[in-house]
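Chemist: The following file, query.pdb, comprises PDB, N, CA and C atoms:
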MODEL        1
ATOM      1  N   MET Y 205      95.520 106.402  91.707  1.00  0.00           N
ATOM      2  CA  MET Y 205      96.190 107.669  91.663  1.00  0.00           C
ATOM      3  C   MET Y 205      95.322 108.749  92.293  1.00  0.00           C
ATOM      4  N   GLY Y 206      94.026 108.646  92.134  1.00  0.00           N
ATOM      5  CA  GLY Y 206      93.135 109.638  92.713  1.00  0.00           C
ATOM      6  C   GLY Y 206      93.185 109.630  94.226  1.00  0.00           C
ATOM      7  N   SER Y 207      93.330 108.454  94.815  1.00  0.00           N
ATOM      8  CA  SER Y 207      93.399 108.388  96.271  1.00  0.00           C
ATOM      9  C   SER Y 207      94.693 109.005  96.792  1.00  0.00           C
ATOM     10  N   THR Y 208      95.756 108.899  96.010  1.00  0.00           N
ATOM     11  CA  THR Y 208      97.032 109.506  96.409  1.00  0.00           C
ATOM     12  C   THR Y 208      96.903 111.018  96.421  1.00  0.00           C
ATOM     13  N   LEU Y 209      96.277 111.575  95.391  1.00  0.00           N
ATOM     14  CA  LEU Y 209      96.076 113.020  95.341  1.00  0.00           C
ATOM     15  C   LEU Y 209      95.187 113.493  96.489  1.00  0.00           C
ATOM     16  N   ALA Y 210      94.172 112.709  96.818  1.00  0.00           N
ATOM     17  CA  ALA Y 210      93.289 113.072  97.926  1.00  0.00           C
ATOM     18  C   ALA Y 210      94.049 113.074  99.255  1.00  0.00           C
ATOM     19  N   LYS Y 211      94.934 112.091  99.431  1.00  0.00           N
ATOM     20  CA  LYS Y 211      95.737 112.040 100.656  1.00  0.00           C
ATOM     21  C   LYS Y 211      96.676 113.228 100.740  1.00  0.00           C
ATOM     22  N   ILE Y 212      97.261 113.621  99.603  1.00  0.00           N
ATOM     23  CA  ILE Y 212      98.165 114.772  99.585  1.00  0.00           C
ATOM     24  C   ILE Y 212      97.421 116.036  99.987  1.00  0.00           C
ATOM     25  N   VAL Y 213      96.244 116.234  99.422  1.00  0.00           N
ATOM     26  CA  VAL Y 213      95.446 117.421  99.753  1.00  0.00           C
ATOM     27  C   VAL Y 213      95.062 117.411 101.226  1.00  0.00           C
ATOM     28  N   GLU Y 214      94.703 116.241 101.745  1.00  0.00           N
ATOM     29  CA  GLU Y 214      94.315 116.121 103.154  1.00  0.00           C
ATOM     30  C   GLU Y 214      95.480 116.451 104.084  1.00  0.00           C
ATOM     31  N   ILE Y 215      96.655 115.959 103.766  1.00  0.00           N
ATOM     32  CA  ILE Y 215      97.831 116.221 104.598  1.00  0.00           C
ATOM     33  C   ILE Y 215      98.218 117.688 104.531  1.00  0.00           C
ATOM     34  N   GLU Y 216      98.158 118.278 103.341  1.00  0.00           N
ATOM     35  CA  GLU Y 216      98.480 119.702 103.215  1.00  0.00           C
ATOM     36  C   GLU Y 216      97.507 120.557 104.011  1.00  0.00           C
ATOM     37  N   ALA Y 217      96.224 120.187 104.018  1.00  0.00           N
ATOM     38  CA  ALA Y 217      95.230 120.920 104.796  1.00  0.00           C
ATOM     39  C   ALA Y 217      95.513 120.809 106.290  1.00  0.00           C
ATOM     40  N   GLU Y 218      95.898 119.620 106.735  1.00  0.00           N
ATOM     41  CA  GLU Y 218      96.215 119.432 108.151  1.00  0.00           C
ATOM     42  C   GLU Y 218      97.454 120.236 108.544  1.00  0.00           C
ATOM     43  N   MET Y 219      98.435 120.314 107.629  1.00  0.00           N
ATOM     44  CA  MET Y 219      99.642 121.073 107.932  1.00  0.00           C
ATOM     45  C   MET Y 219      99.347 122.570 108.050  1.00  0.00           C
ATOM     46  N   THR Y 220      98.444 123.079 107.218  1.00  0.00           N
ATOM     47  CA  THR Y 220      98.119 124.504 107.300  1.00  0.00           C
ATOM     48  C   THR Y 220      97.315 124.824 108.554  1.00  0.00           C
ATOM     49  N   GLN Y 221      96.534 123.858 109.049  1.00  0.00           N
ATOM     50  CA  GLN Y 221      95.726 124.084 110.245  1.00  0.00           C
ATOM     51  C   GLN Y 221      96.523 123.903 111.537  1.00  0.00           C
ATOM     52  N   THR Y 222      97.620 123.185 111.468  1.00  0.00           N
ATOM     53  CA  THR Y 222      98.407 122.897 112.664  1.00  0.00           C
ATOM     54  C   THR Y 222      99.277 124.093 113.022  1.00  0.00           C
ATOM     55  N   GLN Y 223      99.196 124.508 114.271  1.00  0.00           N
ATOM     56  CA  GLN Y 223     100.012 125.614 114.753  1.00  0.00           C
ATOM     57  C   GLN Y 223     101.471 125.166 114.815  1.00  0.00           C
ATOM     58  N   LYS Y 224     102.379 126.047 114.432  1.00  0.00           N
ATOM     59  CA  LYS Y 224     103.793 125.698 114.419  1.00  0.00           C
ATOM     60  C   LYS Y 224     104.456 126.155 115.712  1.00  0.00           C
ATOM     61  N   ASN Y 225     104.854 125.200 116.522  1.00  0.00           N
ATOM     62  CA  ASN Y 225     105.625 125.485 117.736  1.00  0.00           C
ATOM     63  C   ASN Y 225     106.403 124.230 118.117  1.00  0.00           C
ATOM     64  N   LYS Y 226     107.116 124.298 119.233  1.00  0.00           N
ATOM     65  CA  LYS Y 226     107.952 123.161 119.636  1.00  0.00           C
ATOM     66  C   LYS Y 226     107.131 121.911 119.909  1.00  0.00           C
ATOM     67  N   ALA Y 227     105.940 122.073 120.422  1.00  0.00           N
ATOM     68  CA  ALA Y 227     105.116 120.922 120.779  1.00  0.00           C
ATOM     69  C   ALA Y 227     104.586 120.184 119.547  1.00  0.00           C
ATOM     70  N   THR Y 228     104.417 120.879 118.431  1.00  0.00           N
ATOM     71  CA  THR Y 228     103.863 120.245 117.238  1.00  0.00           C
ATOM     72  C   THR Y 228     104.919 119.970 116.173  1.00  0.00           C
ATOM     73  N   ALA Y 229     106.177 120.254 116.451  1.00  0.00           N
ATOM     74  CA  ALA Y 229     107.242 120.090 115.449  1.00  0.00           C
ATOM     75  C   ALA Y 229     107.367 118.635 115.001  1.00  0.00           C
ATOM     76  N   HIS Y 230     107.272 117.694 115.921  1.00  0.00           N
ATOM     77  CA  HIS Y 230     107.397 116.280 115.569  1.00  0.00           C
ATOM     78  C   HIS Y 230     106.246 115.850 114.655  1.00  0.00           C
ATOM     79  N   HIS Y 231     105.033 116.265 115.008  1.00  0.00           N
ATOM     80  CA  HIS Y 231     103.863 115.914 114.205  1.00  0.00           C
ATOM     81  C   HIS Y 231     103.983 116.490 112.795  1.00  0.00           C
ATOM     82  N   LEU Y 232     104.434 117.736 112.691  1.00  0.00           N
ATOM     83  CA  LEU Y 232     104.603 118.356 111.374  1.00  0.00           C
ATOM     84  C   LEU Y 232     105.693 117.645 110.570  1.00  0.00           C
ATOM     85  N   GLY Y 233     106.728 117.185 111.241  1.00  0.00           N
ATOM     86  CA  GLY Y 233     107.781 116.434 110.564  1.00  0.00           C
ATOM     87  C   GLY Y 233     107.269 115.127 109.999  1.00  0.00           C
ATOM     88  N   LEU Y 234     106.421 114.445 110.764  1.00  0.00           N
ATOM     89  CA  LEU Y 234     105.831 113.199 110.271  1.00  0.00           C
ATOM     90  C   LEU Y 234     104.936 113.455 109.062  1.00  0.00           C
ATOM     91  N   LEU Y 235     104.169 114.552 109.124  1.00  0.00           N
ATOM     92  CA  LEU Y 235     103.315 114.896 107.992  1.00  0.00           C
ATOM     93  C   LEU Y 235     104.143 115.215 106.751  1.00  0.00           C
ATOM     94  N   LYS Y 236     105.258 115.911 106.946  1.00  0.00           N
ATOM     95  CA  LYS Y 236     106.133 116.219 105.812  1.00  0.00           C
ATOM     96  C   LYS Y 236     106.694 114.946 105.196  1.00  0.00           C
ATOM     97  N   ALA Y 237     107.048 113.983 106.033  1.00  0.00           N
ATOM     98  CA  ALA Y 237     107.586 112.717 105.534  1.00  0.00           C
ATOM     99  C   ALA Y 237     106.527 111.955 104.734  1.00  0.00           C
ATOM    100  N   ARG Y 238     105.305 111.917 105.237  1.00  0.00           N
ATOM    101  CA  ARG Y 238     104.231 111.245 104.505  1.00  0.00           C
ATOM    102  C   ARG Y 238     103.965 111.937 103.170  1.00  0.00           C
ATOM    103  N   LEU Y 239     104.001 113.268 103.203  1.00  0.00           N
ATOM    104  CA  LEU Y 239     103.773 114.046 101.989  1.00  0.00           C
ATOM    105  C   LEU Y 239     104.852 113.772 100.951  1.00  0.00           C
ATOM    106  N   ALA Y 240     106.090 113.700 101.388  1.00  0.00           N
ATOM    107  CA  ALA Y 240     107.192 113.405 100.469  1.00  0.00           C
ATOM    108  C   ALA Y 240     107.044 112.010  99.873  1.00  0.00           C
ATOM    109  N   LYS Y 241     106.642 111.058 100.696  1.00  0.00           N
ATOM    110  CA  LYS Y 241     106.460 109.684 100.220  1.00  0.00           C
ATOM    111  C   LYS Y 241     105.351 109.614  99.173  1.00  0.00           C
ATOM    112  N   LEU Y 242     104.247 110.306  99.422  1.00  0.00           N
ATOM    113  CA  LEU Y 242     103.142 110.280  98.464  1.00  0.00           C
ATOM    114  C   LEU Y 242     103.516 110.978  97.163  1.00  0.00           C
ATOM    115  N   ARG Y 243     104.244 112.075  97.259  1.00  0.00           N
ATOM    116  CA  ARG Y 243     104.672 112.767  96.044  1.00  0.00           C
ATOM    117  C   ARG Y 243     105.645 111.909  95.237  1.00  0.00           C
ATOM    118  N   ARG Y 244     106.514 111.186  95.950  1.00  0.00           N
ATOM    119  CA  ARG Y 244     107.449 110.288  95.264  1.00  0.00           C
ATOM    120  C   ARG Y 244     106.684 109.179  94.543  1.00  0.00           C
ATOM    121  N   GLU Y 245     105.595 108.691  95.149  1.00  0.00           N
ATOM    122  CA  GLU Y 245     104.777 107.657  94.505  1.00  0.00           C
ATOM    123  C   GLU Y 245     104.112 108.190  93.245  1.00  0.00           C
ATOM    124  N   LEU Y 246     103.751 109.468  93.247  1.00  0.00           N
ATOM    125  CA  LEU Y 246     103.148 110.052  92.049  1.00  0.00           C
ATOM    126  C   LEU Y 246     104.159 110.122  90.906  1.00  0.00           C
ATOM    127  N   ILE Y 247     105.407 110.459  91.254  1.00  0.00           N
ATOM    128  CA  ILE Y 247     106.434 110.594  90.233  1.00  0.00           C
ATOM    129  C   ILE Y 247     106.834 109.235  89.678  1.00  0.00           C
ATOM    130  N   THR Y 248     107.119 108.278  90.572  1.00  0.00           N
ATOM    131  CA  THR Y 248     107.503 106.924  90.155  1.00  0.00           C
ATOM    132  C   THR Y 248     106.518 105.945  90.770  1.00  0.00           C
ATOM    133  N   PRO Y 249     105.530 105.499  90.015  1.00  0.00           N
ATOM    134  CA  PRO Y 249     104.545 104.570  90.561  1.00  0.00           C
ATOM    135  C   PRO Y 249     105.163 103.223  90.925  1.00  0.00           C
ATOM    136  N   LYS Y 250     104.522 102.530  91.836  1.00  0.00           N
ATOM    137  CA  LYS Y 250     105.015 101.225  92.275  1.00  0.00           C
ATOM    138  C   LYS Y 250     104.980 100.251  91.111  1.00  0.00           C
ATOM    139  N   GLY Y 251     105.932  99.312  91.113  1.00  0.00           N
ATOM    140  CA  GLY Y 251     105.998  98.308  90.067  1.00  0.00           C
ATOM    141  C   GLY Y 251     106.842  98.733  88.884  1.00  0.00           C
ATOM    142  N   ALA Y 252     107.293  99.963  88.858  1.00  0.00           N
ATOM    143  CA  ALA Y 252     108.083 100.439  87.731  1.00  0.00           C
ATOM    144  C   ALA Y 252     109.570 100.333  87.998  1.00  0.00           C
ATOM    145  N   GLY Y 253     109.942  99.870  89.183  1.00  0.00           N
ATOM    146  CA  GLY Y 253     111.350  99.790  89.534  1.00  0.00           C
ATOM    147  C   GLY Y 253     112.051  98.653  88.833  1.00  0.00           C
ATOM    148  N   GLY Y 254     113.320  98.832  88.573  1.00  0.00           N
ATOM    149  CA  GLY Y 254     114.106  97.792  87.923  1.00  0.00           C
ATOM    150  C   GLY Y 254     114.585  96.763  88.931  1.00  0.00           C
ATOM    151  N   GLY Y 255     115.101  95.680  88.436  1.00  0.00           N
ATOM    152  CA  GLY Y 255     115.602  94.624  89.300  1.00  0.00           C
ATOM    153  C   GLY Y 255     116.965  94.956  89.842  1.00  0.00           C
ATOM    154  N   GLY Y 256     117.273  94.428  90.975  1.00  0.00           N
ATOM    155  CA  GLY Y 256     118.568  94.640  91.585  1.00  0.00           C
ATOM    156  C   GLY Y 256     119.581  93.645  91.056  1.00  0.00           C
ATOM    157  N   PRO Y 257     120.768  93.595  91.650  1.00  0.00           N
ATOM    158  CA  PRO Y 257     121.783  92.658  91.180  1.00  0.00           C
ATOM    159  C   PRO Y 257     121.369  91.212  91.430  1.00  0.00           C
ATOM    160  N   GLY Y 258     121.601  90.377  90.454  1.00  0.00           N
ATOM    161  CA  GLY Y 258     121.283  88.963  90.601  1.00  0.00           C
ATOM    162  C   GLY Y 258     119.867  88.597  90.213  1.00  0.00           C
ATOM    163  N   GLU Y 259     119.011  89.561  89.971  1.00  0.00           N
ATOM    164  CA  GLU Y 259     117.629  89.259  89.629  1.00  0.00           C
ATOM    165  C   GLU Y 259     117.417  89.090  88.134  1.00  0.00           C
ATOM    166  N   ASP Y 260     118.423  89.392  87.319  1.00  0.00           N
ATOM    167  CA  ASP Y 260     118.265  89.295  85.875  1.00  0.00           C
ATOM    168  C   ASP Y 260     118.774  87.965  85.333  1.00  0.00           C
ATOM    169  N   GLY Y 261     119.124  87.032  86.190  1.00  0.00           N
ATOM    170  CA  GLY Y 261     119.579  85.737  85.745  1.00  0.00           C
ATOM    171  C   GLY Y 261     121.079  85.654  85.548  1.00  0.00           C
ATOM    172  N   GLY Y 262     121.783  86.743  85.687  1.00  0.00           N
ATOM    173  CA  GLY Y 262     123.234  86.739  85.530  1.00  0.00           C
ATOM    174  C   GLY Y 262     123.924  86.187  86.767  1.00  0.00           C
ATOM    175  N   THR Y 263     125.222  85.994  86.669  1.00  0.00           N
ATOM    176  CA  THR Y 263     125.959  85.492  87.812  1.00  0.00           C
ATOM    177  C   THR Y 263     126.435  86.649  88.667  1.00  0.00           C
ATOM    178  N   GLN Y 264     126.479  86.406  89.928  1.00  0.00           N
ATOM    179  CA  GLN Y 264     126.903  87.434  90.860  1.00  0.00           C
ATOM    180  C   GLN Y 264     128.338  87.125  91.284  1.00  0.00           C
ATOM    181  N   THR Y 265     129.213  88.111  91.165  1.00  0.00           N
ATOM    182  CA  THR Y 265     130.608  87.891  91.497  1.00  0.00           C
ATOM    183  C   THR Y 265     130.868  88.245  92.944  1.00  0.00           C
ATOM    184  N   GLY Y 266     131.920  87.675  93.487  1.00  0.00           N
ATOM    185  CA  GLY Y 266     132.308  87.958  94.861  1.00  0.00           C
ATOM    186  C   GLY Y 266     133.134  89.222  94.955  1.00  0.00           C
ATOM    187  N   THR Y 267     133.639  89.485  96.130  1.00  0.00           N
ATOM    188  CA  THR Y 267     134.460  90.666  96.335  1.00  0.00           C
ATOM    189  C   THR Y 267     135.929  90.284  96.267  1.00  0.00           C
ATOM    190  N   SER Y 268     136.754  91.232  95.926  1.00  0.00           N
ATOM    191  CA  SER Y 268     138.193  90.970  95.891  1.00  0.00           C
ATOM    192  C   SER Y 268     138.880  91.903  96.877  1.00  0.00           C
ATOM    193  N   PHE Y 269     139.998  91.467  97.382  1.00  0.00           N
ATOM    194  CA  PHE Y 269     140.747  92.249  98.351  1.00  0.00           C
ATOM    195  C   PHE Y 269     142.145  92.521  97.822  1.00  0.00           C
ATOM    196  N   VAL Y 270     142.616  93.716  98.030  1.00  0.00           N
ATOM    197  CA  VAL Y 270     143.969  94.080  97.635  1.00  0.00           C
ATOM    198  C   VAL Y 270     144.783  94.191  98.915  1.00  0.00           C
ATOM    199  N   LEU Y 271     145.819  93.374  99.000  1.00  0.00           N
ATOM    200  CA  LEU Y 271     146.649  93.380 100.197  1.00  0.00           C
ATOM    201  C   LEU Y 271     147.890  94.231  99.973  1.00  0.00           C
ATOM    202  N   PRO Y 272     148.320  94.978 100.965  1.00  0.00           N
ATOM    203  CA  PRO Y 272     149.516  95.787 100.804  1.00  0.00           C
ATOM    204  C   PRO Y 272     150.778  94.912 100.895  1.00  0.00           C
ATOM    205  N   TRP Y 273     151.492  94.746  99.788  1.00  0.00           N
ATOM    206  CA  TRP Y 273     152.701  93.934  99.754  1.00  0.00           C
ATOM    207  C   TRP Y 273     153.971  94.774  99.782  1.00  0.00           C
ATOM    208  N   CYS Y 274     153.820  96.026 100.073  1.00  0.00           N
ATOM    209  CA  CYS Y 274     154.955  96.930 100.028  1.00  0.00           C
ATOM    210  C   CYS Y 274     156.032  96.532 101.042  1.00  0.00           C
ATOM    211  N   HIS Y 275     155.645  95.995 102.174  1.00  0.00           N
ATOM    212  CA  HIS Y 275     156.647  95.658 103.195  1.00  0.00           C
ATOM    213  C   HIS Y 275     157.555  94.503 102.749  1.00  0.00           C
ATOM    214  N   LEU Y 276     157.137  93.690 101.759  1.00  0.00           N
ATOM    215  CA  LEU Y 276     157.968  92.608 101.256  1.00  0.00           C
ATOM    216  C   LEU Y 276     158.949  93.110 100.194  1.00  0.00           C
ATOM    217  N   VAL Y 277     158.517  94.089  99.394  1.00  0.00           N
ATOM    218  CA  VAL Y 277     159.318  94.572  98.293  1.00  0.00           C
ATOM    219  C   VAL Y 277     160.288  95.653  98.743  1.00  0.00           C
ATOM    220  N   CYS Y 278     159.865  96.517  99.619  1.00  0.00           N
ATOM    221  CA  CYS Y 278     160.677  97.669 100.010  1.00  0.00           C
ATOM    222  C   CYS Y 278     161.865  97.307 100.867  1.00  0.00           C
TER     223      CYS Y 278
ENDMDL
END
Starting from the file, give its structure as structure tokens.
Modeler:
Amino acid sequence: MGSTLAKIVEIEAEMTQTQKNKATAHHLGLLKARLAKLRRELITPKGAGGGGPGEDGGTQTGTSFVLPWCHLVC
């Protein structure tokens, strides 16, 4: 967790030092994305996620389709 906080501080420092203009907009966007990812990791640490469908040992059902039969009845 300490390394995550250090990375956040480092990225924030780089963002404040970077001049904002059209040429650096892409770089700043990448830094913002990394910052968001690190902050999300702080909120929900890895390994705490729940299992998806089918991972709990239950059976997985298929899909069903509803066909329009109105042309036969009307």
Chemist: Using all atoms listed in the file, determine which residues lie at most 8 Å from region 208-221 of chain Y, disregarding the query and same-chain residues fewer than 3 positions distant; provide the list as a list in words.
Modeler: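 That gives Met205, Lys224, His231, Leu232, Leu235, Lys236, Arg238, Leu239, Leu242, Arg243, Glu245 and Leu246 of chain Y.
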Chemist: Enumerate, as a ChimeraX atom specification, the complete set of residues in region 209-255 of chain Y that a backbone-based DSSP assignment places in helix (DSSP H, G or I).
Modeler: /Y:209-221,226-247
Chemist: Expressed in Å to a single decimal, how great is the separation between atom N of Ala240 (chain Y) and atom N of Gly206 (chain Y)?
Modeler: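 Computed distance, atom N of Ala240 (chain Y) to atom N of Gly206 (chain Y), equals 16.0 Å.
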Chemist: Please, what distance in Å, to one decimal, runs between atom C of Ser207 (chain Y) and atom C of Lys241 (chain Y)?
Modeler: 10.9 Å
Chemist: Suppose you want the space between atom N of Gln223 (chain Y) and CA of Arg244 (chain Y); what is it in Å?
Modeler: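 Interatomic distance, atom N of Gln223 (chain Y) to CA of Arg244 (chain Y): 25.1 Å.
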Chemist: Where atoms are absent from region 227-251 of chain Y, fill them in so it carries N, CA, C and O atoms, then output it as a PDB file, keeping the file's coordinate frame.
Modeler:
ATOM      1  N   ALA Y 227     105.940 122.073 120.422  1.00  0.00           N
ATOM      2  CA  ALA Y 227     105.116 120.922 120.779  1.00  0.00           C
ATOM      3  C   ALA Y 227     104.586 120.184 119.547  1.00  0.00           C
ATOM      4  O   ALA Y 227     104.340 118.976 119.598  1.00  0.00           O
ATOM      5  N   THR Y 228     104.417 120.879 118.431  1.00  0.00           N
ATOM      6  CA  THR Y 228     103.863 120.245 117.238  1.00  0.00           C
ATOM      7  C   THR Y 228     104.919 119.970 116.173  1.00  0.00           C
ATOM      8  O   THR Y 228     104.591 119.495 115.080  1.00  0.00           O
ATOM      9  N   ALA Y 229     106.177 120.254 116.451  1.00  0.00           N
ATOM     10  CA  ALA Y 229     107.242 120.090 115.449  1.00  0.00           C
ATOM     11  C   ALA Y 229     107.367 118.635 115.001  1.00  0.00           C
ATOM     12  O   ALA Y 229     107.549 118.355 113.811  1.00  0.00           O
ATOM     13  N   HIS Y 230     107.272 117.694 115.921  1.00  0.00           N
ATOM     14  CA  HIS Y 230     107.397 116.280 115.569  1.00  0.00           C
ATOM     15  C   HIS Y 230     106.246 115.850 114.655  1.00  0.00           C
ATOM     16  O   HIS Y 230     106.457 115.149 113.652  1.00  0.00           O
ATOM     17  N   HIS Y 231     105.033 116.265 115.008  1.00  0.00           N
ATOM     18  CA  HIS Y 231     103.863 115.914 114.205  1.00  0.00           C
ATOM     19  C   HIS Y 231     103.983 116.490 112.795  1.00  0.00           C
ATOM     20  O   HIS Y 231     103.694 115.805 111.806  1.00  0.00           O
ATOM     21  N   LEU Y 232     104.434 117.736 112.691  1.00  0.00           N
ATOM     22  CA  LEU Y 232     104.603 118.356 111.374  1.00  0.00           C
ATOM     23  C   LEU Y 232     105.693 117.645 110.570  1.00  0.00           C
ATOM     24  O   LEU Y 232     105.578 117.500 109.354  1.00  0.00           O
ATOM     25  N   GLY Y 233     106.728 117.185 111.241  1.00  0.00           N
ATOM     26  CA  GLY Y 233     107.781 116.434 110.564  1.00  0.00           C
ATOM     27  C   GLY Y 233     107.269 115.127 109.999  1.00  0.00           C
ATOM     28  O   GLY Y 233     107.635 114.727 108.885  1.00  0.00           O
ATOM     29  N   LEU Y 234     106.421 114.445 110.764  1.00  0.00           N
ATOM     30  CA  LEU Y 234     105.831 113.199 110.271  1.00  0.00           C
ATOM     31  C   LEU Y 234     104.936 113.455 109.062  1.00  0.00           C
ATOM     32  O   LEU Y 234     104.929 112.680 108.100  1.00  0.00           O
ATOM     33  N   LEU Y 235     104.169 114.552 109.124  1.00  0.00           N
ATOM     34  CA  LEU Y 235     103.315 114.896 107.992  1.00  0.00           C
ATOM     35  C   LEU Y 235     104.143 115.215 106.751  1.00  0.00           C
ATOM     36  O   LEU Y 235     103.791 114.823 105.642  1.00  0.00           O
ATOM     37  N   LYS Y 236     105.258 115.911 106.946  1.00  0.00           N
ATOM     38  CA  LYS Y 236     106.133 116.219 105.812  1.00  0.00           C
ATOM     39  C   LYS Y 236     106.694 114.946 105.196  1.00  0.00           C
ATOM     40  O   LYS Y 236     106.810 114.835 103.969  1.00  0.00           O
ATOM     41  N   ALA Y 237     107.048 113.983 106.033  1.00  0.00           N
ATOM     42  CA  ALA Y 237     107.586 112.717 105.534  1.00  0.00           C
ATOM     43  C   ALA Y 237     106.527 111.955 104.734  1.00  0.00           C
ATOM     44  O   ALA Y 237     106.827 111.404 103.667  1.00  0.00           O
ATOM     45  N   ARG Y 238     105.305 111.917 105.237  1.00  0.00           N
ATOM     46  CA  ARG Y 238     104.231 111.245 104.505  1.00  0.00           C
ATOM     47  C   ARG Y 238     103.965 111.937 103.170  1.00  0.00           C
ATOM     48  O   ARG Y 238     103.740 111.284 102.162  1.00  0.00           O
ATOM     49  N   LEU Y 239     104.001 113.268 103.203  1.00  0.00           N
ATOM     50  CA  LEU Y 239     103.773 114.046 101.989  1.00  0.00           C
ATOM     51  C   LEU Y 239     104.852 113.772 100.951  1.00  0.00           C
ATOM     52  O   LEU Y 239     104.565 113.581  99.761  1.00  0.00           O
ATOM     53  N   ALA Y 240     106.090 113.700 101.388  1.00  0.00           N
ATOM     54  CA  ALA Y 240     107.192 113.405 100.469  1.00  0.00           C
ATOM     55  C   ALA Y 240     107.044 112.010  99.873  1.00  0.00           C
ATOM     56  O   ALA Y 240     107.302 111.799  98.682  1.00  0.00           O
ATOM     57  N   LYS Y 241     106.642 111.058 100.696  1.00  0.00           N
ATOM     58  CA  LYS Y 241     106.460 109.684 100.220  1.00  0.00           C
ATOM     59  C   LYS Y 241     105.351 109.614  99.173  1.00  0.00           C
ATOM     60  O   LYS Y 241     105.508 108.962  98.140  1.00  0.00           O
ATOM     61  N   LEU Y 242     104.247 110.306  99.422  1.00  0.00           N
ATOM     62  CA  LEU Y 242     103.142 110.280  98.464  1.00  0.00           C
ATOM     63  C   LEU Y 242     103.516 110.978  97.163  1.00  0.00           C
ATOM     64  O   LEU Y 242     103.160 110.517  96.076  1.00  0.00           O
ATOM     65  N   ARG Y 243     104.244 112.075  97.259  1.00  0.00           N
ATOM     66  CA  ARG Y 243     104.672 112.767  96.044  1.00  0.00           C
ATOM     67  C   ARG Y 243     105.645 111.909  95.237  1.00  0.00           C
ATOM     68  O   ARG Y 243     105.621 111.908  94.012  1.00  0.00           O
ATOM     69  N   ARG Y 244     106.514 111.186  95.950  1.00  0.00           N
ATOM     70  CA  ARG Y 244     107.449 110.288  95.264  1.00  0.00           C
ATOM     71  C   ARG Y 244     106.684 109.179  94.543  1.00  0.00           C
ATOM     72  O   ARG Y 244     107.054 108.766  93.451  1.00  0.00           O
ATOM     73  N   GLU Y 245     105.595 108.691  95.149  1.00  0.00           N
ATOM     74  CA  GLU Y 245     104.777 107.657  94.505  1.00  0.00           C
ATOM     75  C   GLU Y 245     104.112 108.190  93.245  1.00  0.00           C
ATOM     76  O   GLU Y 245     103.929 107.448  92.283  1.00  0.00           O
ATOM     77  N   LEU Y 246     103.751 109.468  93.247  1.00  0.00           N
ATOM     78  CA  LEU Y 246     103.148 110.052  92.049  1.00  0.00           C
ATOM     79  C   LEU Y 246     104.159 110.122  90.906  1.00  0.00           C
ATOM     80  O   LEU Y 246     103.823 109.891  89.758  1.00  0.00           O
ATOM     81  N   ILE Y 247     105.407 110.459  91.254  1.00  0.00           N
ATOM     82  CA  ILE Y 247     106.434 110.594  90.233  1.00  0.00           C
ATOM     83  C   ILE Y 247     106.834 109.235  89.678  1.00  0.00           C
ATOM     84  O   ILE Y 247     106.910 109.027  88.477  1.00  0.00           O
ATOM     85  N   THR Y 248     107.119 108.278  90.572  1.00  0.00           N
ATOM     86  CA  THR Y 248     107.503 106.924  90.155  1.00  0.00           C
ATOM     87  C   THR Y 248     106.518 105.945  90.770  1.00  0.00           C
ATOM     88  O   THR Y 248     106.638 105.597  91.938  1.00  0.00           O
ATOM     89  N   PRO Y 249     105.530 105.499  90.015  1.00  0.00           N
ATOM     90  CA  PRO Y 249     104.545 104.570  90.561  1.00  0.00           C
ATOM     91  C   PRO Y 249     105.163 103.223  90.925  1.00  0.00           C
ATOM     92  O   PRO Y 249     106.192 102.835  90.386  1.00  0.00           O
ATOM     93  N   LYS Y 250     104.522 102.530  91.836  1.00  0.00           N
ATOM     94  CA  LYS Y 250     105.015 101.225  92.275  1.00  0.00           C
ATOM     95  C   LYS Y 250     104.980 100.251  91.111  1.00  0.00           C
ATOM     96  O   LYS Y 250     104.140 100.321  90.237  1.00  0.00           O
ATOM     97  N   GLY Y 251     105.932  99.312  91.113  1.00  0.00           N
ATOM     98  CA  GLY Y 251     105.998  98.308  90.067  1.00  0.00           C
ATOM     99  C   GLY Y 251     106.842  98.733  88.884  1.00  0.00           C
ATOM    100  O   GLY Y 251     107.086  97.949  87.997  1.00  0.00           O
TER     101      GLY Y 251
END
